[in-house]
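So the structure is just underneath, and the comments pick up after that.
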Amino acid sequence: MLMSKKKPKALILASVASMIEQFNMQNIQFLLDSGYQVDVACNCKEGSTISDERIQNMIHRLAEKGVTVTHVPIPRKITNIGGIKQSLKQVKKMCDENQYNLLHCHSPIGSVVARLAAKDARKQGTKVIYTAHGFHFYKGAPKKNWILFYPIEKKCSKLTDVLLTINQEDYAFAKKRMKAGCVEYIPGIGIDTNKYQIEDLDCLAKRKELGITEKDCMLLSVGELNANKNQEVIIRAIAELENPSIHYFIAGKGDKDRYLEELAAKLNVHLHLLGYRTDIAELLNTADVYAFPSFREGLSVALMEAMAAGLPCAVSRIRGNVDLIDEKGGALFDPHKVEECKEAIERILSGDKEALGKYNQEKVKNFSEEIVLCKMDEIYKSVCL
């Protein structure tokens with residue numbers, strides 16, 4: 001371990017700024033409160049799922065806390081060797097110059113860059129923690145994912161002091177196959193379970209604002225409009241239900257917007273694309289059912305937020321989702337099968353939605369920020385003390 005009377009230093013690194021803003025502000029604050037000088041490294045210019053304005057706001061907020069954010073051009077594609085080499089050189093320089101006590105990295109490519117860059121620093125005492133937010137190789141993943149990502153992750157695990165996994169499938173796999181100093185399970189990134197319970201919301205007014213009535217059935221999804229999020233299967237399932245009172249709302253942006261609109265129009269489904277929203281808690285408290293049909297997830301924050309709001313959830317039967325939702329809180333389906341999706345929605349609509357939602361509210365407390373921060377406290381102390 002680095003022996004110094006100076007303030008200990010930590011580097012938080014992720015591929016994109018949105019991963020810092022959405023998943024790491026608690027970790028940063030925790031390290032600051034623990035007496036660390038904290039630096040952040042990420043790609044601030046490309047690849048984020050948040051706006052440039054939000055990125056600049058994040059940088060400003062961190063600067064006020066004394067945290068320096070360094071732009072590193074970490075690419076989104078692992079085939080971008082030039083971008084990886086450039087990022088590797090920059091992060092290695094940061095590690096060599098700052099002699100960090102702790103490097104906590106996130107995201108597949110960012111973590112590869114970080115762990116390779118810190119090889120020499122680890123010999124001098126730097127401890128490396130990697131949070132895997134969902135391996136790209138998993139049960140049912142394309143073979144190319146296993147061929148490309150698994151060997152890289154396994155090799156880099158040897159350069160990892162602590163490998164953190166956020167779902168049970170990844171945890172079991174990492175314990176068996178990875179070569180990190182130790183493998184730990186944490187229940188996600190932690191959410192404020194009280195934030196999504198609004199007791200005094202005027203739901204009728206909110207529904208009027210959204211263009212639906214009290215008698216309409218509001219299905220809601222929150223997430224990017226892309227192929228992985230698989231909102232198409234919900235649209236096709238609603239068409240099969242032939243229930244004109246069902247309205248499907250999606251809060252999020254992405255390149256599938258026109259395709260989804262055209263599909264819904266063709267199938268005569270009421271689809272409402274809301275774009276980027278700042279009223280997610282209100283939308284969750286207004287909806288009847290939460291729909292989450294992704295092909296791949298680690299442990300979805302959006303799904304946990306829906307649970308905290310007390311919504312019954314129709315979700316794809318995939319890694320991560322099965323940690324959160326069971327038949328007492330909703331229904332699961334094969335994300336490739338429209339008929340199963342239709343049946344899942346039917347089961348929820350014909351069941352006791354209030355009881356399903358209350359069960360989810362209780363279950364999601366096991367994934368609260370208090371529990372996660374307590375676990376991170378144990379991990380940081382075990383690594384750096």
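Ordered as shown in the structure tokens, chains take letters A, B, and onward, while each chain numbers its residues from 1 and ligands are numbered from 1 in the order shown.
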
List as a ChimeraX atom specification the protein and nucleic acid residues near segment 25-27 of chain A, meaning an atom at most 9 Å away when only C-alpha atoms are counted, but skip any in the same chain fewer than 2 places from it. /A:12,20-23,29-32,62,189-190,369,373,376

Export, as a PDB file, in the first residue's frame, the selected residues with N, CA and C atoms.
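Listing of selection.pdb after writing:
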ATOM      1  N   ILE A  12     -11.879   7.843  -9.925  1.00  0.00           N
ATOM      2  CA  ILE A  12     -13.086   7.169 -10.395  1.00  0.00           C
ATOM      3  C   ILE A  12     -13.105   7.293 -11.917  1.00  0.00           C
ATOM      4  N   ILE A  20     -20.774   8.383 -14.802  1.00  0.00           N
ATOM      5  CA  ILE A  20     -20.355   9.082 -13.589  1.00  0.00           C
ATOM      6  C   ILE A  20     -21.562   9.755 -12.950  1.00  0.00           C
ATOM      7  N   GLU A  21     -22.320  10.489 -13.753  1.00  0.00           N
ATOM      8  CA  GLU A  21     -23.435  11.279 -13.230  1.00  0.00           C
ATOM      9  C   GLU A  21     -24.563  10.401 -12.693  1.00  0.00           C
ATOM     10  N   GLN A  22     -24.824   9.294 -13.350  1.00  0.00           N
ATOM     11  CA  GLN A  22     -25.962   8.468 -12.964  1.00  0.00           C
ATOM     12  C   GLN A  22     -25.612   7.412 -11.919  1.00  0.00           C
ATOM     13  N   PHE A  23     -24.362   6.931 -11.902  1.00  0.00           N
ATOM     14  CA  PHE A  23     -24.032   5.781 -11.066  1.00  0.00           C
ATOM     15  C   PHE A  23     -22.928   6.006 -10.039  1.00  0.00           C
ATOM     16  N   GLN A  29     -18.987  11.145  -3.370  1.00  0.00           N
ATOM     17  CA  GLN A  29     -19.265  11.850  -2.116  1.00  0.00           C
ATOM     18  C   GLN A  29     -18.793  11.034  -0.920  1.00  0.00           C
ATOM     19  N   PHE A  30     -18.973   9.727  -1.000  1.00  0.00           N
ATOM     20  CA  PHE A  30     -18.548   8.863   0.106  1.00  0.00           C
ATOM     21  C   PHE A  30     -17.034   8.950   0.304  1.00  0.00           C
ATOM     22  N   LEU A  31     -16.279   8.926  -0.776  1.00  0.00           N
ATOM     23  CA  LEU A  31     -14.824   9.018  -0.678  1.00  0.00           C
ATOM     24  C   LEU A  31     -14.393  10.394  -0.178  1.00  0.00           C
ATOM     25  N   LEU A  32     -15.072  11.436  -0.635  1.00  0.00           N
ATOM     26  CA  LEU A  32     -14.766  12.780  -0.130  1.00  0.00           C
ATOM     27  C   LEU A  32     -15.007  12.851   1.372  1.00  0.00           C
ATOM     28  N   LEU A  62     -19.047  18.981  -9.329  1.00  0.00           N
ATOM     29  CA  LEU A  62     -17.883  18.283  -8.793  1.00  0.00           C
ATOM     30  C   LEU A  62     -16.742  19.253  -8.509  1.00  0.00           C
ATOM     31  N   ILE A 189     -26.498  -0.153  -7.554  1.00  0.00           N
ATOM     32  CA  ILE A 189     -25.839   1.096  -7.162  1.00  0.00           C
ATOM     33  C   ILE A 189     -26.569   1.773  -6.017  1.00  0.00           C
ATOM     34  N   GLY A 190     -27.736   1.245  -5.654  1.00  0.00           N
ATOM     35  CA  GLY A 190     -28.507   1.825  -4.572  1.00  0.00           C
ATOM     36  C   GLY A 190     -29.423   2.937  -5.048  1.00  0.00           C
ATOM     37  N   GLU A 369     -30.082   2.660  -1.270  1.00  0.00           N
ATOM     38  CA  GLU A 369     -28.762   3.288  -1.228  1.00  0.00           C
ATOM     39  C   GLU A 369     -28.095   3.098   0.125  1.00  0.00           C
ATOM     40  N   LEU A 373     -24.399   1.637   0.176  1.00  0.00           N
ATOM     41  CA  LEU A 373     -23.321   2.467   0.733  1.00  0.00           C
ATOM     42  C   LEU A 373     -22.653   1.778   1.915  1.00  0.00           C
ATOM     43  N   MET A 376     -20.354  -0.679   0.293  1.00  0.00           N
ATOM     44  CA  MET A 376     -19.202  -0.009  -0.291  1.00  0.00           C
ATOM     45  C   MET A 376     -18.249   0.469   0.786  1.00  0.00           C
TER      46      MET A 376
END

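Residues in contact range of Leu163 of chain A, defined as at most 9 Å between only C-alpha atoms, with sequence neighbours fewer than 2 positions away removed, read A:Val128, A:Ile129, A:Tyr130, A:Thr131, A:Ala132, A:Ser157, A:Thr160, A:Asp161, A:Thr165, A:Ala174, A:Met178, A:Ala180, A:Gly181, A:Cys182, A:Val183, A:Glu184, A:Tyr185.
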
Hey, can you spit out that residue selection with all heavy atoms as a CSV table (one decimal), in the first residue's frame?
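Output contents, as saved in selection_17.csv:
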chain,number,residue,atom,x,y,z
A,128,VAL,N,-7.1,-1.6,-7.1
A,128,VAL,CA,-8.0,-1.4,-8.2
A,128,VAL,C,-9.3,-2.2,-7.9
A,128,VAL,O,-9.3,-3.4,-7.7
A,128,VAL,CB,-7.4,-1.9,-9.5
A,128,VAL,CG1,-8.4,-1.9,-10.7
A,128,VAL,CG2,-6.2,-1.1,-9.9
A,129,ILE,N,-10.4,-1.4,-8.0
A,129,ILE,CA,-11.8,-2.0,-7.9
A,129,ILE,C,-12.5,-1.8,-9.2
A,129,ILE,O,-12.4,-0.8,-9.8
A,129,ILE,CB,-12.6,-1.3,-6.8
A,129,ILE,CG1,-11.9,-1.5,-5.4
A,129,ILE,CG2,-14.0,-1.9,-6.7
A,129,ILE,CD1,-12.6,-0.7,-4.3
A,130,TYR,N,-13.1,-2.9,-9.7
A,130,TYR,CA,-13.9,-2.8,-10.9
A,130,TYR,C,-15.3,-3.2,-10.6
A,130,TYR,O,-15.6,-4.3,-10.1
A,130,TYR,CB,-13.3,-3.7,-11.9
A,130,TYR,CG,-14.1,-4.0,-13.2
A,130,TYR,CD1,-14.9,-3.0,-13.8
A,130,TYR,CD2,-14.2,-5.3,-13.7
A,130,TYR,CE1,-15.7,-3.3,-14.9
A,130,TYR,CE2,-15.0,-5.6,-14.8
A,130,TYR,CZ,-15.7,-4.5,-15.4
A,130,TYR,OH,-16.5,-4.8,-16.5
A,131,THR,N,-16.3,-2.3,-10.9
A,131,THR,CA,-17.7,-2.7,-10.8
A,131,THR,C,-18.2,-3.1,-12.2
A,131,THR,O,-18.2,-2.3,-13.1
A,131,THR,CB,-18.5,-1.5,-10.3
A,131,THR,OG1,-18.1,-1.2,-9.0
A,131,THR,CG2,-20.0,-1.9,-10.3
A,132,ALA,N,-18.6,-4.3,-12.3
A,132,ALA,CA,-19.1,-4.8,-13.6
A,132,ALA,C,-20.6,-4.6,-13.6
A,132,ALA,O,-21.3,-5.3,-12.8
A,132,ALA,CB,-18.8,-6.3,-13.8
A,157,SER,N,-9.0,-9.5,-15.2
A,157,SER,CA,-9.4,-9.8,-13.8
A,157,SER,C,-8.2,-10.0,-12.9
A,157,SER,O,-8.2,-9.8,-11.7
A,157,SER,CB,-10.4,-11.0,-13.7
A,157,SER,OG,-9.7,-12.2,-14.1
A,160,THR,N,-7.0,-7.0,-11.1
A,160,THR,CA,-8.1,-6.4,-10.3
A,160,THR,C,-8.1,-6.9,-8.8
A,160,THR,O,-8.0,-8.1,-8.6
A,160,THR,CB,-9.5,-6.8,-10.9
A,160,THR,OG1,-9.5,-6.6,-12.3
A,160,THR,CG2,-10.6,-6.1,-10.2
A,161,ASP,N,-8.1,-6.0,-7.9
A,161,ASP,CA,-8.0,-6.4,-6.5
A,161,ASP,C,-9.4,-6.8,-6.0
A,161,ASP,O,-9.6,-7.8,-5.3
A,161,ASP,CB,-7.5,-5.2,-5.6
A,161,ASP,CG,-6.1,-4.9,-5.9
A,161,ASP,OD1,-5.2,-5.8,-5.6
A,161,ASP,OD2,-5.8,-3.9,-6.6
A,165,THR,N,-19.8,-7.3,-8.6
A,165,THR,CA,-20.9,-7.7,-9.5
A,165,THR,C,-22.2,-7.3,-8.9
A,165,THR,O,-22.4,-7.3,-7.7
A,165,THR,CB,-20.9,-9.2,-9.8
A,165,THR,OG1,-21.0,-9.9,-8.5
A,165,THR,CG2,-19.6,-9.7,-10.5
A,174,ALA,N,-18.4,-15.0,-12.0
A,174,ALA,CA,-17.2,-14.4,-11.6
A,174,ALA,C,-16.5,-15.2,-10.5
A,174,ALA,O,-15.2,-15.3,-10.6
A,174,ALA,CB,-17.4,-12.9,-11.2
A,178,MET,N,-13.4,-15.9,-12.9
A,178,MET,CA,-12.5,-14.8,-12.9
A,178,MET,C,-11.4,-14.9,-11.9
A,178,MET,O,-11.5,-15.7,-10.9
A,178,MET,CB,-13.3,-13.5,-12.6
A,178,MET,CG,-14.3,-13.1,-13.7
A,178,MET,SD,-13.5,-12.9,-15.3
A,178,MET,CE,-14.9,-12.9,-16.4
A,180,ALA,N,-9.8,-12.3,-10.1
A,180,ALA,CA,-9.6,-11.1,-9.3
A,180,ALA,C,-9.2,-11.5,-7.8
A,180,ALA,O,-9.4,-12.7,-7.4
A,180,ALA,CB,-10.8,-10.3,-9.2
A,181,GLY,N,-8.6,-10.6,-7.1
A,181,GLY,CA,-8.2,-10.9,-5.7
A,181,GLY,C,-9.4,-11.3,-4.9
A,181,GLY,O,-9.2,-12.3,-4.1
A,182,CYS,N,-10.5,-10.7,-5.1
A,182,CYS,CA,-11.7,-11.2,-4.5
A,182,CYS,C,-12.9,-10.7,-5.3
A,182,CYS,O,-12.8,-9.7,-6.1
A,182,CYS,CB,-11.9,-10.8,-3.0
A,182,CYS,SG,-12.2,-9.0,-2.8
A,183,VAL,N,-14.0,-11.5,-5.3
A,183,VAL,CA,-15.2,-11.1,-6.0
A,183,VAL,C,-16.3,-10.9,-5.0
A,183,VAL,O,-16.5,-11.7,-4.0
A,183,VAL,CB,-15.6,-12.3,-6.9
A,183,VAL,CG1,-17.0,-12.0,-7.6
A,183,VAL,CG2,-14.6,-12.5,-8.0
A,184,GLU,N,-17.0,-9.8,-5.1
A,184,GLU,CA,-18.1,-9.4,-4.2
A,184,GLU,C,-19.4,-9.1,-4.9
A,184,GLU,O,-19.4,-8.7,-6.1
A,184,GLU,CB,-17.7,-8.2,-3.4
A,184,GLU,CG,-16.4,-8.3,-2.5
A,184,GLU,CD,-16.7,-9.1,-1.2
A,184,GLU,OE1,-17.9,-9.4,-0.9
A,184,GLU,OE2,-15.7,-9.4,-0.5
A,185,TYR,N,-20.5,-9.3,-4.2
A,185,TYR,CA,-21.8,-9.0,-4.7
A,185,TYR,C,-22.3,-7.7,-4.0
A,185,TYR,O,-22.2,-7.7,-2.8
A,185,TYR,CB,-22.8,-10.1,-4.6
A,185,TYR,CG,-24.2,-9.7,-4.8
A,185,TYR,CD1,-24.8,-9.5,-6.0
A,185,TYR,CD2,-25.1,-9.5,-3.6
A,185,TYR,CE1,-26.1,-9.1,-6.2
A,185,TYR,CE2,-26.4,-9.1,-3.8
A,185,TYR,CZ,-26.9,-8.9,-5.1
A,185,TYR,OH,-28.2,-8.5,-5.2

Val38 of chain A: which residues within 9 Å, counting only C-alpha atoms, same-chain residues fewer than 4 positions away excluded, as a ChimeraX atom specification? /A:8-12,28,31-32,66-68

Dump as a PDB file, in the first residue's frame, selection limited to N, CA, C and O atoms:
ATOM      1  N   PRO A   8      -5.156  10.779   1.162  1.00  0.00           N
ATOM      2  CA  PRO A   8      -5.220   9.687   0.185  1.00  0.00           C
ATOM      3  C   PRO A   8      -5.942  10.139  -1.083  1.00  0.00           C
ATOM      4  O   PRO A   8      -6.821  11.000  -1.046  1.00  0.00           O
ATOM      5  N   LYS A   9      -5.571   9.532  -2.203  1.00  0.00           N
ATOM      6  CA  LYS A   9      -6.126   9.928  -3.496  1.00  0.00           C
ATOM      7  C   LYS A   9      -6.887   8.772  -4.134  1.00  0.00           C
ATOM      8  O   LYS A   9      -6.463   7.616  -4.046  1.00  0.00           O
ATOM      9  N   ALA A  10      -7.968   9.121  -4.799  1.00  0.00           N
ATOM     10  CA  ALA A  10      -8.771   8.111  -5.503  1.00  0.00           C
ATOM     11  C   ALA A  10      -9.113   8.619  -6.897  1.00  0.00           C
ATOM     12  O   ALA A  10      -9.352   9.816  -7.099  1.00  0.00           O
ATOM     13  N   LEU A  11      -9.140   7.694  -7.847  1.00  0.00           N
ATOM     14  CA  LEU A  11      -9.566   7.995  -9.212  1.00  0.00           C
ATOM     15  C   LEU A  11     -10.800   7.163  -9.525  1.00  0.00           C
ATOM     16  O   LEU A  11     -10.775   5.937  -9.400  1.00  0.00           O
ATOM     17  N   ILE A  12     -11.879   7.843  -9.925  1.00  0.00           N
ATOM     18  CA  ILE A  12     -13.086   7.169 -10.395  1.00  0.00           C
ATOM     19  C   ILE A  12     -13.105   7.293 -11.917  1.00  0.00           C
ATOM     20  O   ILE A  12     -13.051   8.402 -12.450  1.00  0.00           O
ATOM     21  N   ILE A  28     -18.417   9.012  -5.126  1.00  0.00           N
ATOM     22  CA  ILE A  28     -17.527  10.166  -5.047  1.00  0.00           C
ATOM     23  C   ILE A  28     -17.723  10.893  -3.721  1.00  0.00           C
ATOM     24  O   ILE A  28     -16.750  11.217  -3.019  1.00  0.00           O
ATOM     25  N   LEU A  31     -16.279   8.926  -0.776  1.00  0.00           N
ATOM     26  CA  LEU A  31     -14.824   9.018  -0.678  1.00  0.00           C
ATOM     27  C   LEU A  31     -14.393  10.394  -0.178  1.00  0.00           C
ATOM     28  O   LEU A  31     -13.449  10.507   0.622  1.00  0.00           O
ATOM     29  N   LEU A  32     -15.072  11.436  -0.635  1.00  0.00           N
ATOM     30  CA  LEU A  32     -14.766  12.780  -0.130  1.00  0.00           C
ATOM     31  C   LEU A  32     -15.007  12.851   1.372  1.00  0.00           C
ATOM     32  O   LEU A  32     -14.180  13.393   2.120  1.00  0.00           O
ATOM     33  N   GLY A  66     -14.226  20.247  -5.140  1.00  0.00           N
ATOM     34  CA  GLY A  66     -12.787  20.038  -5.241  1.00  0.00           C
ATOM     35  C   GLY A  66     -12.400  18.840  -6.073  1.00  0.00           C
ATOM     36  O   GLY A  66     -11.249  18.384  -6.029  1.00  0.00           O
ATOM     37  N   VAL A  67     -13.334  18.310  -6.867  1.00  0.00           N
ATOM     38  CA  VAL A  67     -13.076  17.141  -7.703  1.00  0.00           C
ATOM     39  C   VAL A  67     -12.769  17.592  -9.124  1.00  0.00           C
ATOM     40  O   VAL A  67     -13.548  18.340  -9.730  1.00  0.00           O
ATOM     41  N   THR A  68     -11.648  17.141  -9.653  1.00  0.00           N
ATOM     42  CA  THR A  68     -11.253  17.471 -11.020  1.00  0.00           C
ATOM     43  C   THR A  68     -11.744  16.396 -11.981  1.00  0.00           C
ATOM     44  O   THR A  68     -11.525  15.201 -11.756  1.00  0.00           O
TER      45      THR A  68
END

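Nearest residue to Thr278 of chain A, choosing from A:Tyr359, A:Pro244, A:Arg54, A:Pro75 and counting only C-alpha atoms: A:Arg54.
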
When DSSP works through the backbone of this structure, what residues of segment 109-298 of chain A end up as strand (DSSP E or B), shown as a ChimeraX atom specification? /A:127-132,162-165,182-185,191,217-222,246-252,270-275,289-292

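Closest approach to Ile166 of chain A from the set A:Leu324, A:Ala309, A:Ala344, A:Ile212 is made by A:Leu324, with distances taken over only C-alpha atoms.
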